[in-house]
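S.K.: The structure file start_23.pdb (PDB, C-alpha atoms) is provided below.
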ATOM      1  CA  MET H  27     -26.859   8.118  -2.387  1.00  0.00           C
ATOM      2  CA  ALA H  28     -25.793   5.211  -4.601  1.00  0.00           C
ATOM      3  CA  ASN H  29     -22.368   6.776  -5.239  1.00  0.00           C
ATOM      4  CA  PRO H  30     -20.974   7.633  -1.788  1.00  0.00           C
ATOM      5  CA  ASN H  31     -18.174  10.194  -1.714  1.00  0.00           C
ATOM      6  CA  SER H  32     -17.578  10.399   2.033  1.00  0.00           C
ATOM      7  CA  ARG H  33     -17.281   8.112   5.038  1.00  0.00           C
ATOM      8  CA  ASN H  34     -20.726   9.031   6.346  1.00  0.00           C
ATOM      9  CA  LYS H  35     -22.379   8.444   2.969  1.00  0.00           C
ATOM     10  CA  LEU H  36     -20.684   5.047   2.730  1.00  0.00           C
ATOM     11  CA  ILE H  37     -22.131   4.146   6.131  1.00  0.00           C
ATOM     12  CA  GLN H  38     -25.612   5.235   5.033  1.00  0.00           C
ATOM     13  CA  TYR H  39     -25.234   3.223   1.816  1.00  0.00           C
ATOM     14  CA  CYS H  40     -24.297   0.082   3.767  1.00  0.00           C
ATOM     15  CA  LYS H  41     -27.256   0.502   6.116  1.00  0.00           C
ATOM     16  CA  ARG H  42     -29.684   0.858   3.219  1.00  0.00           C
ATOM     17  CA  LYS H  43     -28.133  -2.183   1.578  1.00  0.00           C
ATOM     18  CA  LEU H  44     -28.886  -4.148   4.750  1.00  0.00           C
ATOM     19  CA  GLY H  45     -32.498  -3.016   4.853  1.00  0.00           C
ATOM     20  CA  GLU H  46     -32.785   0.315   6.627  1.00  0.00           C
ATOM     21  CA  PRO H  47     -35.137   2.080   7.131  1.00  0.00           C
ATOM     22  CA  VAL H  48     -37.519  -0.821   6.418  1.00  0.00           C
ATOM     23  CA  ILE H  49     -35.584  -3.112   8.796  1.00  0.00           C
ATOM     24  CA  GLU H  50     -33.736  -1.974  11.884  1.00  0.00           C
ATOM     25  CA  VAL H  51     -30.049  -2.883  11.676  1.00  0.00           C
ATOM     26  CA  ASN H  52     -29.054  -3.786  15.228  1.00  0.00           C
ATOM     27  CA  VAL H  53     -25.482  -2.519  15.125  1.00  0.00           C
ATOM     28  CA  ASP H  54     -24.091   0.275  17.292  1.00  0.00           C
ATOM     29  CA  GLU H  55     -22.630   3.325  15.553  1.00  0.00           C
ATOM     30  CA  ASP H  56     -19.202   2.714  17.106  1.00  0.00           C
ATOM     31  CA  GLN H  57     -19.294  -0.860  15.806  1.00  0.00           C
ATOM     32  CA  ILE H  58     -20.120   0.430  12.333  1.00  0.00           C
ATOM     33  CA  GLU H  59     -17.204   2.883  12.506  1.00  0.00           C
ATOM     34  CA  ASP H  60     -14.894   0.006  13.460  1.00  0.00           C
ATOM     35  CA  ARG H  61     -16.105  -2.119  10.539  1.00  0.00           C
ATOM     36  CA  ILE H  62     -15.583   0.770   8.095  1.00  0.00           C
ATOM     37  CA  ASP H  63     -12.035   1.204   9.437  1.00  0.00           C
ATOM     38  CA  GLU H  64     -11.446  -2.525   8.986  1.00  0.00           C
ATOM     39  CA  ALA H  65     -12.771  -2.456   5.412  1.00  0.00           C
ATOM     40  CA  LEU H  66     -10.604   0.547   4.485  1.00  0.00           C
ATOM     41  CA  GLN H  67      -7.494  -1.051   6.000  1.00  0.00           C
ATOM     42  CA  TYR H  68      -8.053  -4.288   4.069  1.00  0.00           C
ATOM     43  CA  PHE H  69      -8.659  -2.306   0.893  1.00  0.00           C
ATOM     44  CA  GLN H  70      -5.477  -0.252   1.329  1.00  0.00           C
ATOM     45  CA  GLU H  71      -3.275  -3.229   2.134  1.00  0.00           C
ATOM     46  CA  TYR H  72      -4.403  -5.606  -0.591  1.00  0.00           C
ATOM     47  CA  HIS H  73      -6.353  -3.823  -3.340  1.00  0.00           C
ATOM     48  CA  SER H  74      -4.344  -2.508  -6.297  1.00  0.00           C
ATOM     49  CA  ASP H  75      -6.332   0.739  -6.166  1.00  0.00           C
ATOM     50  CA  GLY H  76      -5.542   1.236  -2.479  1.00  0.00           C
ATOM     51  CA  THR H  77      -1.952   2.348  -3.055  1.00  0.00           C
ATOM     52  CA  PHE H  78       0.058   4.204  -5.667  1.00  0.00           C
ATOM     53  CA  ARG H  79       3.725   4.177  -6.656  1.00  0.00           C
ATOM     54  CA  ALA H  80       5.730   7.253  -5.652  1.00  0.00           C
ATOM     55  CA  TYR H  81       9.330   8.357  -5.204  1.00  0.00           C
ATOM     56  CA  LEU H  82      10.332   9.633  -1.790  1.00  0.00           C
ATOM     57  CA  LYS H  83      13.273  12.027  -1.466  1.00  0.00           C
ATOM     58  CA  HIS H  84      15.102  12.362   1.823  1.00  0.00           C
ATOM     59  CA  GLN H  85      18.217  14.240   2.930  1.00  0.00           C
ATOM     60  CA  ILE H  86      20.349  12.441   5.514  1.00  0.00           C
ATOM     61  CA  THR H  87      20.317  14.225   8.880  1.00  0.00           C
ATOM     62  CA  ALA H  88      22.504  13.960  11.971  1.00  0.00           C
ATOM     63  CA  ASP H  89      19.690  12.063  13.720  1.00  0.00           C
ATOM     64  CA  ASP H  90      19.627   9.506  10.888  1.00  0.00           C
ATOM     65  CA  ILE H  91      23.353   8.880  11.301  1.00  0.00           C
ATOM     66  CA  THR H  92      23.014   8.566  15.080  1.00  0.00           C
ATOM     67  CA  ASN H  93      20.013   6.231  14.866  1.00  0.00           C
ATOM     68  CA  LYS H  94      21.338   4.298  11.845  1.00  0.00           C
ATOM     69  CA  TYR H  95      17.868   4.265  10.356  1.00  0.00           C
ATOM     70  CA  ILE H  96      15.493   6.705   8.666  1.00  0.00           C
ATOM     71  CA  THR H  97      11.990   7.310   9.994  1.00  0.00           C
ATOM     72  CA  ILE H  98       9.382   7.126   7.231  1.00  0.00           C
ATOM     73  CA  MET H  99       5.932   8.737   7.166  1.00  0.00           C
ATOM     74  CA  ASP H 100       2.924   6.612   8.152  1.00  0.00           C
ATOM     75  CA  SER H 101       1.285   6.655   4.717  1.00  0.00           C
ATOM     76  CA  VAL H 102       4.098   4.566   3.151  1.00  0.00           C
ATOM     77  CA  LEU H 103       2.972   0.942   2.980  1.00  0.00           C
ATOM     78  CA  TYR H 104       5.923  -0.654   1.153  1.00  0.00           C
ATOM     79  CA  ILE H 105       9.416   0.387   0.141  1.00  0.00           C
ATOM     80  CA  LYS H 106      10.491  -1.448  -2.988  1.00  0.00           C
ATOM     81  CA  ARG H 107      14.053  -0.194  -3.430  1.00  0.00           C
ATOM     82  CA  LEU H 108      16.497   2.661  -3.163  1.00  0.00           C
ATOM     83  CA  ILE H 109      17.457   4.210  -6.457  1.00  0.00           C
ATOM     84  CA  PRO H 110      21.267   4.259  -6.746  1.00  0.00           C
ATOM     85  CA  PHE H 111      22.712   7.706  -6.196  1.00  0.00           C
ATOM     86  CA  GLY H 112      26.144   9.206  -6.732  1.00  0.00           C
ATOM     87  CA  THR H 113      28.503   9.028  -9.706  1.00  0.00           C
ATOM     88  CA  SER H 114      28.595   5.766 -11.640  1.00  0.00           C
ATOM     89  CA  PHE H 115      28.976   4.449 -15.176  1.00  0.00           C
ATOM     90  CA  GLY H 116      25.256   4.816 -15.757  1.00  0.00           C
ATOM     91  CA  ALA H 117      24.512   7.968 -13.789  1.00  0.00           C
ATOM     92  CA  SER H 118      27.079  10.629 -14.760  1.00  0.00           C
ATOM     93  CA  PHE H 119      26.244  13.193 -17.393  1.00  0.00           C
ATOM     94  CA  ASN H 120      29.218  15.546 -17.825  1.00  0.00           C
ATOM     95  CA  PHE H 121      30.728  16.167 -21.262  1.00  0.00           C
ATOM     96  CA  PHE H 122      33.806  13.976 -20.680  1.00  0.00           C
ATOM     97  CA  ASP H 123      32.121  10.917 -19.174  1.00  0.00           C
ATOM     98  CA  ILE H 124      32.191   7.614 -21.039  1.00  0.00           C
ATOM     99  CA  LYS H 125      28.429   7.393 -21.508  1.00  0.00           C
ATOM    100  CA  TYR H 126      28.209  10.791 -23.202  1.00  0.00           C
ATOM    101  CA  GLN H 127      31.154  10.074 -25.535  1.00  0.00           C
ATOM    102  CA  MET H 128      29.759   6.688 -26.543  1.00  0.00           C
ATOM    103  CA  MET H 129      26.368   8.193 -27.240  1.00  0.00           C
ATOM    104  CA  LEU H 130      27.964  10.961 -29.269  1.00  0.00           C
ATOM    105  CA  ASN H 131      30.082   8.596 -31.396  1.00  0.00           C
ATOM    106  CA  ASP H 132      27.811   5.585 -31.718  1.00  0.00           C
ATOM    107  CA  ILE H 133      24.299   6.962 -31.918  1.00  0.00           C
ATOM    108  CA  GLY H 134      24.260   6.109 -35.613  1.00  0.00           C
ATOM    109  CA  ASP H 135      24.272   2.394 -34.802  1.00  0.00           C
ATOM    110  CA  LEU H 136      21.412   1.968 -32.352  1.00  0.00           C
ATOM    111  CA  ALA H 137      21.876  -1.788 -31.990  1.00  0.00           C
ATOM    112  CA  TYR H 138      25.545  -1.362 -31.055  1.00  0.00           C
ATOM    113  CA  TYR H 139      24.682   1.527 -28.753  1.00  0.00           C
ATOM    114  CA  GLU H 140      22.068  -0.599 -26.947  1.00  0.00           C
ATOM    115  CA  GLN H 141      24.613  -3.393 -26.411  1.00  0.00           C
ATOM    116  CA  LEU H 142      27.113  -0.939 -24.965  1.00  0.00           C
ATOM    117  CA  GLN H 143      24.472   0.495 -22.637  1.00  0.00           C
ATOM    118  CA  GLN H 144      23.704  -2.987 -21.347  1.00  0.00           C
ATOM    119  CA  TYR H 145      27.430  -3.589 -20.835  1.00  0.00           C
ATOM    120  CA  LEU H 146      27.782  -0.341 -18.878  1.00  0.00           C
ATOM    121  CA  SER H 147      24.760  -1.287 -16.796  1.00  0.00           C
ATOM    122  CA  ILE H 148      26.387  -4.610 -15.889  1.00  0.00           C
ATOM    123  CA  LEU H 149      29.612  -2.825 -14.927  1.00  0.00           C
ATOM    124  CA  ASP H 150      27.647  -0.386 -12.807  1.00  0.00           C
ATOM    125  CA  MET H 151      25.830  -3.217 -11.041  1.00  0.00           C
ATOM    126  CA  LYS H 152      29.020  -5.206 -10.389  1.00  0.00           C
ATOM    127  CA  LEU H 153      31.212  -2.313  -9.278  1.00  0.00           C
ATOM    128  CA  ASN H 154      28.699  -0.120  -7.495  1.00  0.00           C
ATOM    129  CA  GLY H 155      25.707  -2.332  -6.834  1.00  0.00           C
ATOM    130  CA  ALA H 156      22.414  -1.134  -5.422  1.00  0.00           C
ATOM    131  CA  PRO H 157      21.870  -0.042  -1.830  1.00  0.00           C
ATOM    132  CA  GLN H 158      20.606  -2.909   0.323  1.00  0.00           C
ATOM    133  CA  ILE H 159      17.742  -1.999   2.624  1.00  0.00           C
ATOM    134  CA  GLU H 160      15.365  -3.426   5.191  1.00  0.00           C
ATOM    135  CA  TRP H 161      11.940  -1.899   5.762  1.00  0.00           C
ATOM    136  CA  SER H 162      10.391  -2.347   9.218  1.00  0.00           C
ATOM    137  CA  ARG H 163       6.828  -1.281   8.552  1.00  0.00           C
ATOM    138  CA  LYS H 164       5.461  -1.382  12.100  1.00  0.00           C
ATOM    139  CA  GLN H 165       8.414   0.636  13.390  1.00  0.00           C
ATOM    140  CA  ARG H 166       8.272   2.992  10.368  1.00  0.00           C
ATOM    141  CA  ARG H 167      12.033   2.562   9.975  1.00  0.00           C
ATOM    142  CA  LEU H 168      14.144   2.210   6.835  1.00  0.00           C
ATOM    143  CA  TYR H 169      17.482   0.515   7.516  1.00  0.00           C
ATOM    144  CA  ILE H 170      20.252   0.977   4.935  1.00  0.00           C
ATOM    145  CA  PHE H 171      23.032  -1.582   5.062  1.00  0.00           C
ATOM    146  CA  GLY H 172      26.275   0.362   4.939  1.00  0.00           C
ATOM    147  CA  GLU H 173      29.042   1.632   7.165  1.00  0.00           C
ATOM    148  CA  TRP H 174      27.653   4.846   8.590  1.00  0.00           C
ATOM    149  CA  ARG H 175      30.864   5.489  10.550  1.00  0.00           C
ATOM    150  CA  ASP H 176      33.011   4.996   7.440  1.00  0.00           C
ATOM    151  CA  LYS H 177      30.865   7.595   5.689  1.00  0.00           C
ATOM    152  CA  ASP H 178      29.354   5.293   3.097  1.00  0.00           C
ATOM    153  CA  ILE H 179      26.280   7.304   4.058  1.00  0.00           C
ATOM    154  CA  ARG H 180      27.121  10.902   4.861  1.00  0.00           C
ATOM    155  CA  LEU H 181      25.413  13.909   6.366  1.00  0.00           C
ATOM    156  CA  ASN H 182      23.312  15.842   3.812  1.00  0.00           C
ATOM    157  CA  ASP H 183      23.434  13.020   1.241  1.00  0.00           C
ATOM    158  CA  HIS H 184      20.178  12.646  -0.689  1.00  0.00           C
ATOM    159  CA  ILE H 185      18.446   9.325  -1.158  1.00  0.00           C
ATOM    160  CA  ILE H 186      15.457   8.448  -3.332  1.00  0.00           C
ATOM    161  CA  ALA H 187      13.227   5.490  -2.481  1.00  0.00           C
ATOM    162  CA  GLU H 188      10.622   3.856  -4.680  1.00  0.00           C
ATOM    163  CA  VAL H 189       7.614   3.406  -2.408  1.00  0.00           C
ATOM    164  CA  PHE H 190       3.935   2.492  -2.407  1.00  0.00           C
ATOM    165  CA  VAL H 191       1.791   5.053  -0.600  1.00  0.00           C
ATOM    166  CA  ILE H 192      -1.702   4.556   0.793  1.00  0.00           C
ATOM    167  CA  VAL H 193      -4.437   6.434  -1.057  1.00  0.00           C
ATOM    168  CA  ASP H 194      -6.072   8.785   1.466  1.00  0.00           C
ATOM    169  CA  PRO H 195      -9.867   8.382   1.062  1.00  0.00           C
ATOM    170  CA  ASP H 196     -10.542  11.786   2.617  1.00  0.00           C
ATOM    171  CA  SER H 197      -8.451  13.454  -0.090  1.00  0.00           C
ATOM    172  CA  HIS H 198      -9.489  11.088  -2.900  1.00  0.00           C
ATOM    173  CA  THR H 199     -13.156  10.497  -2.104  1.00  0.00           C
ATOM    174  CA  SER H 200     -13.761   8.186  -5.083  1.00  0.00           C
ATOM    175  CA  VAL H 201     -12.325   5.428  -2.845  1.00  0.00           C
ATOM    176  CA  TYR H 202     -15.625   5.352  -0.954  1.00  0.00           C
ATOM    177  CA  ASN H 203     -17.433   4.503  -4.198  1.00  0.00           C
ATOM    178  CA  ASP H 204     -15.282   1.471  -5.039  1.00  0.00           C
ATOM    179  CA  LEU H 205     -17.577  -1.483  -5.810  1.00  0.00           C
ATOM    180  CA  TRP H 206     -15.490  -4.009  -3.881  1.00  0.00           C
ATOM    181  CA  LEU H 207     -15.110  -1.744  -0.852  1.00  0.00           C
ATOM    182  CA  LYS H 208     -18.857  -1.041  -0.666  1.00  0.00           C
ATOM    183  CA  ALA H 209     -19.679  -4.742  -0.788  1.00  0.00           C
ATOM    184  CA  TYR H 210     -16.971  -5.645   1.740  1.00  0.00           C
ATOM    185  CA  ALA H 211     -17.981  -2.946   4.229  1.00  0.00           C
ATOM    186  CA  THR H 212     -21.636  -3.997   3.957  1.00  0.00           C
ATOM    187  CA  SER H 213     -20.781  -7.637   4.644  1.00  0.00           C
ATOM    188  CA  LEU H 214     -18.629  -6.693   7.654  1.00  0.00           C
ATOM    189  CA  ILE H 215     -21.519  -4.756   9.165  1.00  0.00           C
ATOM    190  CA  LYS H 216     -23.829  -7.680   8.403  1.00  0.00           C
ATOM    191  CA  GLU H 217     -21.416 -10.016  10.183  1.00  0.00           C
ATOM    192  CA  GLN H 218     -21.420  -7.710  13.207  1.00  0.00           C
ATOM    193  CA  TRP H 219     -25.227  -7.631  13.117  1.00  0.00           C
ATOM    194  CA  GLY H 220     -25.317 -11.421  13.195  1.00  0.00           C
ATOM    195  CA  LEU H 221     -22.869 -11.528  16.123  1.00  0.00           C
ATOM    196  CA  ASN H 222     -25.005  -9.052  18.053  1.00  0.00           C
ATOM    197  CA  LEU H 223     -28.160 -11.139  17.564  1.00  0.00           C
ATOM    198  CA  MET H 224     -26.586 -14.531  18.217  1.00  0.00           C
ATOM    199  CA  LYS H 225     -26.919 -14.133  21.993  1.00  0.00           C
ATOM    200  CA  PHE H 226     -30.699 -13.980  21.485  1.00  0.00           C
ATOM    201  CA  GLU H 227     -30.699 -17.054  19.249  1.00  0.00           C
ATOM    202  CA  GLY H 228     -33.952 -18.978  19.468  1.00  0.00           C
ATOM    203  CA  MET H 229     -35.765 -16.210  21.306  1.00  0.00           C
ATOM    204  CA  GLN H 230     -39.338 -15.796  20.086  1.00  0.00           C
ATOM    205  CA  LEU H 231     -40.706 -12.291  19.613  1.00  0.00           C
ATOM    206  CA  PRO H 232     -44.368 -11.238  19.736  1.00  0.00           C
ATOM    207  CA  GLY H 233     -46.112 -12.529  16.632  1.00  0.00           C
ATOM    208  CA  GLY H 234     -44.112 -15.744  16.544  1.00  0.00           C
ATOM    209  CA  VAL H 235     -40.965 -14.244  14.922  1.00  0.00           C
ATOM    210  CA  ILE H 236     -37.789 -16.106  15.934  1.00  0.00           C
ATOM    211  CA  ILE H 237     -34.451 -14.298  15.965  1.00  0.00           C
ATOM    212  CA  ASN H 238     -31.843 -16.103  13.868  1.00  0.00           C
ATOM    213  CA  GLY H 239     -28.554 -14.240  14.240  1.00  0.00           C
ATOM    214  CA  ARG H 240     -26.613 -17.371  13.307  1.00  0.00           C
ATOM    215  CA  GLN H 241     -28.018 -17.315   9.774  1.00  0.00           C
ATOM    216  CA  LEU H 242     -27.079 -13.635   9.324  1.00  0.00           C
ATOM    217  CA  TYR H 243     -23.566 -14.373  10.583  1.00  0.00           C
ATOM    218  CA  ASP H 244     -23.083 -17.423   8.357  1.00  0.00           C
ATOM    219  CA  ASP H 245     -24.360 -15.547   5.293  1.00  0.00           C
ATOM    220  CA  ALA H 246     -21.965 -12.679   5.971  1.00  0.00           C
ATOM    221  CA  GLN H 247     -19.046 -15.085   6.432  1.00  0.00           C
ATOM    222  CA  GLY H 248     -19.742 -16.621   3.021  1.00  0.00           C
ATOM    223  CA  GLU H 249     -19.953 -13.191   1.395  1.00  0.00           C
ATOM    224  CA  LEU H 250     -16.692 -12.050   2.987  1.00  0.00           C
ATOM    225  CA  GLU H 251     -14.829 -15.172   1.895  1.00  0.00           C
ATOM    226  CA  ALA H 252     -16.083 -14.741  -1.676  1.00  0.00           C
ATOM    227  CA  LEU H 253     -15.055 -11.068  -1.683  1.00  0.00           C
ATOM    228  CA  ARG H 254     -11.556 -11.875  -0.382  1.00  0.00           C
ATOM    229  CA  GLU H 255     -11.145 -14.528  -3.061  1.00  0.00           C
ATOM    230  CA  ARG H 256     -12.309 -12.067  -5.701  1.00  0.00           C
ATOM    231  CA  LEU H 257      -9.785  -9.542  -4.409  1.00  0.00           C
ATOM    232  CA  ARG H 258      -6.942 -12.075  -4.635  1.00  0.00           C
ATOM    233  CA  LEU H 259      -7.884 -13.131  -8.164  1.00  0.00           C
ATOM    234  CA  GLU H 260      -8.849  -9.785  -9.716  1.00  0.00           C
ATOM    235  CA  HIS H 261      -7.411  -6.865  -7.768  1.00  0.00           C
ATOM    236  CA  GLU H 262      -4.402  -7.867  -5.668  1.00  0.00           C
ATOM    237  CA  MET H 263      -0.965  -6.756  -6.874  1.00  0.00           C
ATOM    238  CA  PRO H 264       1.588  -9.562  -7.402  1.00  0.00           C
ATOM    239  CA  VAL H 265       4.110  -9.981  -4.609  1.00  0.00           C
ATOM    240  CA  ASP H 266       7.082  -8.998  -6.774  1.00  0.00           C
ATOM    241  CA  MET H 267       5.568  -5.524  -7.221  1.00  0.00           C
ATOM    242  CA  PHE H 268       6.388  -4.794  -3.594  1.00  0.00           C
ATOM    243  CA  VAL H 269       9.624  -6.723  -3.152  1.00  0.00           C
ATOM    244  CA  GLY H 270      12.746  -5.262  -4.716  1.00  0.00           C
TER     245      GLY H 270
END
Using structure tokens, write down the structure from this file.

M.R.:
Amino acid sequence: MANPNSRNKLIQYCKRKLGEPVIEVNVDEDQIEDRIDEALQYFQEYHSDGTFRAYLKHQITADDITNKYITIMDSVLYIKRLIPFGTSFGASFNFFDIKYQMMLNDIGDLAYYEQLQQYLSILDMKLNGAPQIEWSRKQRRLYIFGEWRDKDIRLNDHIIAEVFVIVDPDSHTSVYNDLWLKAYATSLIKEQWGLNLMKFEGMQLPGGVIINGRQLYDDAQGELEALRERLRLEHEMPVDMFVG
């Protein structure tokens, strides 16, 4: 199937690309599974189609206060920022707040209204600021810099984080049909094939055929380097997309 929509069909596609069933691909099934995992991980970490932006809501628990960090689900790859919460110049919406009254009185002059909104935003930033965080990805922990004991962060408070979540290929099977991923997975399996045959390098088979695993390996290395460069130039998200 030229348009794989599952892990198994991607594996079969890669094998056919490498020559099966005309040529036997000397790679163990477990090795192929490992290479597919490696290709998917690289795709999810660096390809712009491997993640999507989402907003994660969390209610502070007693365990969070005790630990002084919040445990985040495994599918979150990056946390860009916390969205400010609580009452502020730019976030209150009752009838008597300053933002509502200014909008009510000055909506006729949009230019003036826009200037005032920018001024209120500056006041909000200076007086309230934005929550400062540290994201420890391997620990799956979100640290919020604040005085937990002084109740800057209180039990049952709600926080909202802007995050980048990994696209699950089993739920969104079109991932398996990505052109870059198919080429990258095929080249990884080809590299493994070359490594497997390199220990028989120079061995002559019946009929005068000489095994040349080194050439397979070198070809795969060149393909992988070209694919990684293509990813960096065409598909990788800029760093500032992930850093708040």

S.K.: Could you tell me, as a CSV table (one decimal) with C-alpha atoms, in the coordinates of the input, exactly which residues end up selected when the PyMOL selection byres ((chain H and resi 202) around 10) is applied to this structure?

M.R.:
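Contents of the output file result_35.csv:
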chain,number,residue,atom,x,y,z
H,29,ASN,CA,-22.4,6.8,-5.2
H,30,PRO,CA,-21.0,7.6,-1.8
H,31,ASN,CA,-18.2,10.2,-1.7
H,32,SER,CA,-17.6,10.4,2.0
H,33,ARG,CA,-17.3,8.1,5.0
H,34,ASN,CA,-20.7,9.0,6.3
H,35,LYS,CA,-22.4,8.4,3.0
H,36,LEU,CA,-20.7,5.0,2.7
H,37,ILE,CA,-22.1,4.1,6.1
H,66,LEU,CA,-10.6,0.5,4.5
H,195,PRO,CA,-9.9,8.4,1.1
H,196,ASP,CA,-10.5,11.8,2.6
H,198,HIS,CA,-9.5,11.1,-2.9
H,199,THR,CA,-13.2,10.5,-2.1
H,200,SER,CA,-13.8,8.2,-5.1
H,201,VAL,CA,-12.3,5.4,-2.8
H,203,ASN,CA,-17.4,4.5,-4.2
H,204,ASP,CA,-15.3,1.5,-5.0
H,205,LEU,CA,-17.6,-1.5,-5.8
H,206,TRP,CA,-15.5,-4.0,-3.9
H,207,LEU,CA,-15.1,-1.7,-0.9
H,208,LYS,CA,-18.9,-1.0,-0.7

S.K.: Name all residues at most 12 Å from Lys43 (chain H) (count all atoms listed in the file; drop same-chain ones fewer than 3 positions away) and give them as a ChimeraX atom specification.

M.R.: /H:27-28,36-40,46-51,208-213,215-216

S.K.: With the file shown as input, list the residues that the PyMOL selection byres ((chain H and resi 181) around 10) selects, as number ranges by chain.

M.R.: H: 85-91, 174, 177, 179-180, 182-184

S.K.: One decimal, Å: what's the distance from CA of Arg61 (chain H) over to CA of Leu214 (chain H), could you say?

M.R.: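 Separation between CA of Arg61 (chain H) and CA of Leu214 (chain H): 6.0 Å.
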
S.K.: Please enumerate the residues selected by the PyMOL selection byres ((chain H and resi 53) around 8) when evaluated against the supplied file, formatted as a CSV table (one decimal) with C-alpha atoms, in the coordinates of the input.

M.R.:
chain,number,residue,atom,x,y,z
H,51,VAL,CA,-30.0,-2.9,11.7
H,52,ASN,CA,-29.1,-3.8,15.2
H,54,ASP,CA,-24.1,0.3,17.3
H,55,GLU,CA,-22.6,3.3,15.6
H,57,GLN,CA,-19.3,-0.9,15.8
H,58,ILE,CA,-20.1,0.4,12.3
H,215,ILE,CA,-21.5,-4.8,9.2
H,218,GLN,CA,-21.4,-7.7,13.2
H,219,TRP,CA,-25.2,-7.6,13.1
H,222,ASN,CA,-25.0,-9.1,18.1

S.K.: Rounded to one decimal place, report the CA of Gln241 (chain H)-CA of Arg256 (chain H) distance in Å.

M.R.: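 One can read the CA of Gln241 (chain H) to CA of Arg256 (chain H) distance as 22.7 Å.
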